[in-house]
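Novice: File my_file.cif follows (mmCIF, C-alpha atoms):
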data_work
loop_
_atom_site.label_atom_id
_atom_site.label_comp_id
_atom_site.auth_asym_id
_atom_site.auth_seq_id
_atom_site.Cartn_x
_atom_site.Cartn_y
_atom_site.Cartn_z
CA MET A 5 40.58 -90.13 41.99
CA SER A 6 39.44 -86.88 43.62
CA THR A 7 37.99 -83.85 41.87
CA PHE A 8 41.23 -82.08 42.80
CA GLU A 9 43.23 -84.65 40.82
CA LEU A 10 41.02 -84.20 37.73
CA TYR A 11 41.62 -80.46 37.68
CA ARG A 12 45.28 -80.89 38.53
CA ARG A 13 45.77 -82.98 35.38
CA SER A 14 44.09 -80.37 33.16
CA THR A 15 46.10 -77.75 31.28
CA ILE A 16 45.16 -74.97 33.69
CA GLY A 17 45.89 -77.24 36.65
CA THR A 18 49.32 -78.10 35.24
CA CYS A 19 50.14 -74.40 34.77
CA LEU A 20 49.00 -73.59 38.31
CA THR A 21 51.05 -76.49 39.70
CA GLU A 22 54.17 -75.35 37.83
CA THR A 23 53.74 -71.79 39.09
CA LEU A 24 53.26 -72.90 42.69
CA ASP A 25 56.23 -75.29 42.43
CA GLY A 26 58.38 -72.39 41.29
CA MET A 27 57.23 -70.33 44.25
CA VAL A 28 58.10 -73.19 46.61
CA GLU A 29 61.57 -73.53 45.03
CA ASN A 30 62.14 -69.77 45.42
CA GLY A 31 61.08 -69.92 49.06
CA THR A 32 58.05 -67.68 48.48
CA LEU A 33 55.62 -70.39 49.63
CA THR A 34 55.86 -73.44 51.83
CA PRO A 35 54.79 -76.75 50.23
CA GLU A 36 51.79 -76.90 52.58
CA LEU A 37 50.63 -73.41 51.62
CA ALA A 38 51.08 -74.21 47.91
CA ILE A 39 48.78 -77.24 48.18
CA GLN A 40 46.26 -75.24 50.19
CA SER A 41 46.44 -72.40 47.65
CA MET A 42 45.77 -74.72 44.72
CA THR A 43 42.82 -76.38 46.44
CA GLU A 44 41.29 -73.04 47.40
CA ALA A 45 41.87 -71.56 43.95
CA LEU A 46 40.09 -74.43 42.23
CA GLU A 47 37.21 -74.58 44.73
CA LEU A 48 36.62 -70.89 45.43
CA GLN A 49 38.15 -68.71 42.74
CA VAL A 50 37.08 -70.38 39.48
CA LYS A 51 33.71 -68.84 38.68
CA THR A 52 33.90 -68.10 34.97
CA LYS A 53 31.17 -69.53 32.77
CA VAL A 54 31.94 -70.46 29.20
CA SER A 55 29.59 -71.39 26.38
CA ILE A 56 30.83 -73.87 23.79
CA LYS A 57 29.40 -74.45 20.34
CA GLY A 58 30.76 -76.66 17.60
CA HIS A 59 30.22 -79.68 15.38
CA LEU A 60 30.00 -82.87 17.45
CA HIS A 61 32.36 -85.31 15.76
CA THR A 62 32.37 -88.15 18.33
CA TYR A 63 30.88 -88.88 21.73
CA ARG A 64 31.25 -91.78 24.17
CA PHE A 65 29.89 -92.73 27.59
CA CYS A 66 31.94 -95.29 29.47
CA ASP A 67 32.40 -95.87 33.21
CA SER A 68 30.22 -92.85 34.07
CA THR A 69 32.49 -90.59 31.99
CA TRP A 70 31.47 -88.65 28.89
CA THR A 71 34.02 -87.92 26.16
CA PHE A 72 33.16 -85.42 23.43
CA ILE A 73 35.23 -84.47 20.40
CA LEU A 74 34.16 -81.20 18.78
CA GLN A 75 35.33 -79.72 15.51
CA ASP A 76 35.26 -76.01 14.67
CA ALA A 77 34.40 -75.16 18.28
CA VAL A 78 33.75 -71.64 19.51
CA PHE A 79 34.38 -70.84 23.20
CA LYS A 80 32.67 -67.67 24.46
CA SER A 81 33.19 -66.04 27.83
CA GLY A 82 31.88 -62.54 28.39
CA ASP A 83 33.16 -60.38 25.55
CA SER A 84 35.92 -62.74 24.45
CA GLN A 85 35.70 -65.55 21.92
CA GLU A 86 38.16 -68.26 20.91
CA ASN A 87 37.88 -70.49 17.83
CA VAL A 88 39.42 -73.98 18.04
CA SER A 89 39.61 -76.42 15.13
CA ARG A 90 39.37 -79.55 17.32
CA VAL A 91 38.84 -80.07 21.03
CA LYS A 92 38.42 -83.11 23.28
CA MET A 93 36.30 -82.68 26.40
CA VAL A 94 36.01 -85.21 29.21
CA ALA A 95 33.28 -84.89 31.85
CA CYS A 96 32.31 -87.01 34.82
CA ASP A 97 30.05 -86.72 37.84
CA SER A 98 32.17 -85.40 40.71
CA LYS A 99 29.87 -87.12 43.20
CA LEU A 100 31.12 -90.48 41.91
CA LEU A 101 34.70 -89.48 42.69
CA THR A 102 34.04 -89.06 46.41
CA GLN A 103 32.44 -92.47 46.86
#
Output the file's structure in the form of structure tokens.
Specialist:
Amino acid sequence: MSTFELYRRSTIGTCLTETLDGMVENGTLTPELAIQSMTEALELQVKTKVSIKGHLHTYRFCDSTWTFILQDAVFKSGDSQENVSRVKMVACDSKLLTQ
């Protein structure tokens, strides 16, 4: 599985895919340009840093993948803040995906 596939399966990746699919259906973009746009957006445009604090409920490490479940999490980015009662985060080393 490539890094691209990991992001594509995330919520933001799903939304971006749906938007680009709509543009392809409307004739605004070609399928090739849509794929190129998504790859470039994920690799070059995503630069926002977020800090996350919360109560660690559960954590696991299996097959070089970390899974964290946080309760009462606070996401901060710049001046904005979002409180979430429960969040599941999955993280893996992208270098392992290219091997």
Novice: Would you mind reading off the distance between CA of Leu74 (chain A) and CA of His61 (chain A), one decimal, in Å?
Specialist: 5.4 Å
Novice: Quick one: pull the distance between CA of Leu20 (chain A) and CA of Ser81 (chain A), Å, one decimal.
Specialist: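 CA of Ser81 (chain A) lies 20.4 Å from CA of Leu20 (chain A).
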Novice: For each of A:Ala45, A:Val54, A:Ile16, A:Val94, take the minimum atom-to-atom distance to Phe72 (chain A), counting only C-alpha atoms, then give the residue where this is smallest.
Specialist: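 Answer, going by the shortest atom-to-atom distance: A:Val94.
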Novice: Could you work out how far CA of Ser84 (chain A) lies from CA of Thr71 (chain A), giving the answer in Å with one decimal?
Specialist: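 Computed distance, CA of Thr71 (chain A) to CA of Ser84 (chain A), equals 25.3 Å.
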Novice: With distances taken over only C-alpha atoms, which residue among A:Gln49, A:Ile39, A:Ala95, A:Thr32 lies nearest Trp70 (chain A)?
Specialist: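 Closest candidate: A:Ala95.
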Novice: Ranking A:Val78, A:Ala38, A:Val91, A:Cys96 by minimum distance to Cys66 (chain A) and counting only C-alpha atoms, which one comes first?
Specialist: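 Among the listed residues, A:Cys96 lies closest to Cys66 (chain A).
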Novice: Apply the PyMOL selection byres ((chain A and resi 55) around 8) to the displayed file and report the matching residues as an MDAnalysis selection string.
Specialist: chainID A and resid 53:54 56:57 79:81
Novice: Expanded to explicit residues, what is the PyMOL selection byres ((chain A and resi 89) around 6) for this file, as a PDB file with C-alpha atoms, in the coordinates of the input?
Specialist:
ATOM      1  CA  GLN A  75      35.330 -79.720  15.510  1.00  0.00           C
ATOM      2  CA  ASP A  76      35.260 -76.010  14.670  1.00  0.00           C
ATOM      3  CA  VAL A  88      39.420 -73.980  18.040  1.00  0.00           C
ATOM      4  CA  ARG A  90      39.370 -79.550  17.320  1.00  0.00           C
TER       5      ARG A  90
END
